[in-house]
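Peer 1: Mind having a look at this structure? Questions to follow.
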Amino acid sequence: MKRALYIFSFIAFIATTFISCGEDRTYEYLEMTKENQWTYSKMKEVYLWADSIKTPSRSEFFATTSKFFTSIKFKGDNASYFTDTVSLGTYGMKFALMRDPMGMRPSKVYALVLYVEKGSPAEAAGLERGKWITAVNGRSLSMSSASQLQQGGEVSVATEYLEYDDERERYFWIEGDTLKLPQSVDIDACNVCLDTVYTVRDQKIGYLLANSFSGDDFTAKAENALARFAAEDVSSVIIDLRYNSGGSLSNALAVANRFVPSTADSTPFCTLKGNGGEVDTVYNYKAVQDNLSDKKLYFIIGANTKGTAEVLVNSLNVSRGANEVYIIGEKSAGANVMVEKIESPYGFAINPATAYVYSSDGNELPATGIQPDYAVDELGQVAHIYNLGSEQEYVLYNTLYLITNGALPSQVAVKVRPALFTGNERSFSR
């Protein structure tokens with residue numbers, strides 16, 4: 001009733017405003033601004049900060065829909081976003097942008113490829129983890145132009161690689177191949193990307209790389225992997241979420257259920273509270289047989305870890321009690337709100353924040369991100385970038401070492417960690 005009353009009041013306001021000089025032009029106005037009227041009405045209905053939205057002026061309703069959506073958002077909202085009618089897709093890679101990590105050319109900008117989706121334009125071009133991109137279409141990269149590596153038409157990218165000079169005992173940049181990136185496309189991002197069991201010092205350790213909690217097949221794939229870990233009686237499990245920016249809470253709950261004891265059954269995994277402060281939804285644990293609640297659990301997180309992935313880490317960190325959770329890597333992105341995609345009748349979609357997320361202990365998810373128990377910078381060693389899942393890969397090596405030795409190694413191989421990796425000199429693709 002409240003929502004219906006609001007919509008009626010809004011239309012009445014429009015009608016009053018546009019009956020002038022004896023001529024009723026309300027219908028004409030409504031037709032010309034229908035996309036933004038729909039956006040305004042829907043945001044007032046579901047938006048987490050609906051009370052902050054002021055009634056737009058007459059001229060504001062004539063803005064493009066994306067600009068209109070941005071203009072009515074709460075100023076502190078960094079989560080909500082607009083999806084245009086035509087998707088530009090993606091090249092299908094994650095990368096870290098930085099100035100020369102070797103310090104030889106401090107002004108030169110590099111994009112280090114961290115992950116490439118299977119079947120993506122990036123894979124078709126020959127890009128892979130560990131490649132360094134230095135230019136696009138013949139123009140050197142800059143911190144502001146790297147968006148060209150996310151989506152767009154066909155482009156050429158120049159690469160370089162590092163080579164060690166034994167005589168001078170230092171690394172040098174060597175010119176690499178120039179590769180052709182096909183036009184960006186819509187692709188289904190990998191969710192459960194890798195699962196394996198390592199044997200290190202007679203310990204069996206399960207490793208699961210989950211880059212997303214999206215997809216109808218996620219739960220089956222994750223449960224199969226975790227059931228395998230249980231069958232092989234691993235002593236510890238590593239869940240790598242460093243590139244996971246969210247997805248379905250139900251999918252995350254399916255993973256969480258495997259790590260809680262029967263005493264946690266029917267207790268909250270997380271709670272959503274909408275713009276009135278009332279509880280919208282509660283996701284409860286459902287403990288399963290042959291679970292992994294007695295195994296040590298290690299999460300790898302990073303700057304790209306966001307949203308649902310943070311819910312999983314935070315809630316299990318609370319719920320496991322005496323069976324501790326260990327968090328390795330870098331501080332996560334920080335996203336304490338749920339974003340809901342709402343399709344419009346006009347071909348575009350709005351993605352507003354609709355609820356605050358509370359973890360299993362009833363506390364709001366930290367907006368500033370989750371701090372790791374053991375800080376390991378993924379780019380702390382860039383001279384050799386190993387494939388994900390390799391026991392030599394820097395973060396995984398440190399995690400396996402922590403599991404088997406109880407502490408991080410003091411030094412691993414050739415460690416390059418210059419000050420250029422700090423502050424605004426380094427950023428990640430999202």
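Scheme for the structure tokens: letters A, B, ... for chains in order shown; per-chain residue numbers from 1; ligand numbers from 1 in order shown.
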Within 9 Å of A:Ala333, counting only C-alpha atoms, which residues qualify if same-chain residues fewer than 4 places away don't, as a list in words?
Peer 2: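 The filter keeps Ser245, Gly302, Ala303, Asn304, Thr305, Lys306, Gly307, Glu310, Ala367, Thr368, Gly369 and Ile370 of chain A.
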Peer 1: Name the residues of stretch 185-382 of chain A that fall into alpha helix (DSSP H) according to DSSP on the backbone, using the chain letters and numbers of this document, as a PyMOL selection string.
Peer 2: chain A and resi 218-231+249-256+308-319
Peer 1: Select, from A:Ala158, A:Val86, A:Ala407, A:Leu365, the residue with the minimum atom-to-atom distance to A:Glu175, counting only C-alpha atoms.
Peer 2: A:Ala158
Peer 1: So that I can see what lies close to A:Ser140, please list as a ChimeraX atom specification the residues with an atom at most 9 Å from it, counting only C-alpha atoms and leaving out residues fewer than 5 positions away in the same chain.
Peer 2: /A:108-110,134-135,145,158
Peer 1: With N, CA and C atoms retained, write the just-selected residues as a compact mmCIF listing (two decimals), in the first residue's frame.
Peer 2:
# COMPACT_ATOMS: atom_id res chain seq x y z
N LYS A 108 57.30 4.25 -16.56
CA LYS A 108 56.64 3.32 -17.48
C LYS A 108 55.61 2.48 -16.74
N VAL A 109 54.43 2.33 -17.35
CA VAL A 109 53.33 1.60 -16.73
C VAL A 109 53.19 0.22 -17.36
N TYR A 110 52.98 -0.78 -16.50
CA TYR A 110 52.82 -2.16 -16.95
C TYR A 110 51.50 -2.71 -16.42
N THR A 134 52.49 -3.60 -22.17
CA THR A 134 53.08 -2.26 -22.03
C THR A 134 52.44 -1.21 -22.92
N ALA A 135 51.69 -1.65 -23.96
CA ALA A 135 51.11 -0.68 -24.89
C ALA A 135 49.86 -1.26 -25.52
N SER A 145 44.61 5.00 -18.94
CA SER A 145 44.21 4.39 -20.21
C SER A 145 44.05 2.88 -20.14
N ALA A 158 51.16 -4.73 -26.94
CA ALA A 158 52.60 -5.04 -26.93
C ALA A 158 52.97 -5.62 -25.58
Peer 1: Report, in Å with one decimal, the straight-line distance from atom CA of A:Ser142 to atom CA of A:Ala96.
Peer 2: 12.5 Å
Peer 1: Nearest to A:Asp240 among A:Thr267, A:Ser120, A:Thr399, A:Thr199, with distances taken over only C-alpha atoms: which residue is it?
Peer 2: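 Result for the nearest residue to A:Asp240: A:Thr399.
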Peer 1: Just the residues within 12 Å of A:Ser319, please, counting only C-alpha atoms, with nothing from its chain fewer than 2 positions along; format it as number ranges by chain.
Peer 2: A: 256-257, 259-265, 267-270, 284-285, 293, 311-317, 321-325, 359-362
Peer 1: Write out as a PyMOL selection string all residues of stretch 180-283 of chain A that DSSP puts in strand (DSSP E) for this structure's backbone.
Peer 2: chain A and resi 180-181+192-200+203-210+236-240+268-273+279-283
Peer 1: With only C-alpha atoms as the atoms that count, which of A:Asn275, A:Ser147, A:Asn387, A:Thr354 lies nearest to A:Ala79?
Peer 2: A:Thr354
Peer 1: Ranking A:Ser41, A:Asn224, A:Thr178, A:Ser332 by minimum distance to A:Ala254 and counting only C-alpha atoms, which one comes first?
Peer 2: A:Asn224
Peer 1: Within 6 Å of A:Gly92, counting only C-alpha atoms, which residues show up once you throw out same-chain ones fewer than 6 positions away? Write them as a compact mmCIF listing (two decimals) with N, CA and C atoms, in the first residue's frame, please.
Peer 2:
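This is the output file out-v7.txt:
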# COMPACT_ATOMS: atom_id res chain seq x y z
N VAL A 116 43.31 -15.38 -16.85
CA VAL A 116 42.66 -15.32 -18.16
C VAL A 116 41.55 -16.36 -18.20
N GLU A 117 40.35 -15.92 -18.58
CA GLU A 117 39.21 -16.82 -18.67
C GLU A 117 39.35 -17.74 -19.89
N SER A 120 38.02 -16.93 -23.77
CA SER A 120 37.90 -15.48 -23.84
C SER A 120 38.76 -14.92 -24.98
N ALA A 122 41.05 -12.77 -24.58
CA ALA A 122 42.42 -12.72 -24.06
C ALA A 122 43.14 -14.05 -24.28
Peer 1: Restricting the calculation to only C-alpha atoms, which member of A:Ile403, A:Ala222, A:Val197, A:Val255 is positioned closest to A:Gly389?
Peer 2: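 Checking each candidate against A:Gly389, we get A:Val197 as the closest.
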Peer 1: Point out the residue among A:Pro366, A:Gly406, A:Pro345, A:Ser250 with the least atom-to-atom distance to A:Glu35, counting only C-alpha atoms.
Peer 2: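 Closest to A:Glu35, using only C-alpha atoms: A:Pro345.
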Peer 1: Quick check, in Å to one decimal: how far apart do atom CA of A:Tyr115 and atom CA of A:Ser235 lie?
Peer 2: 28.2 Å
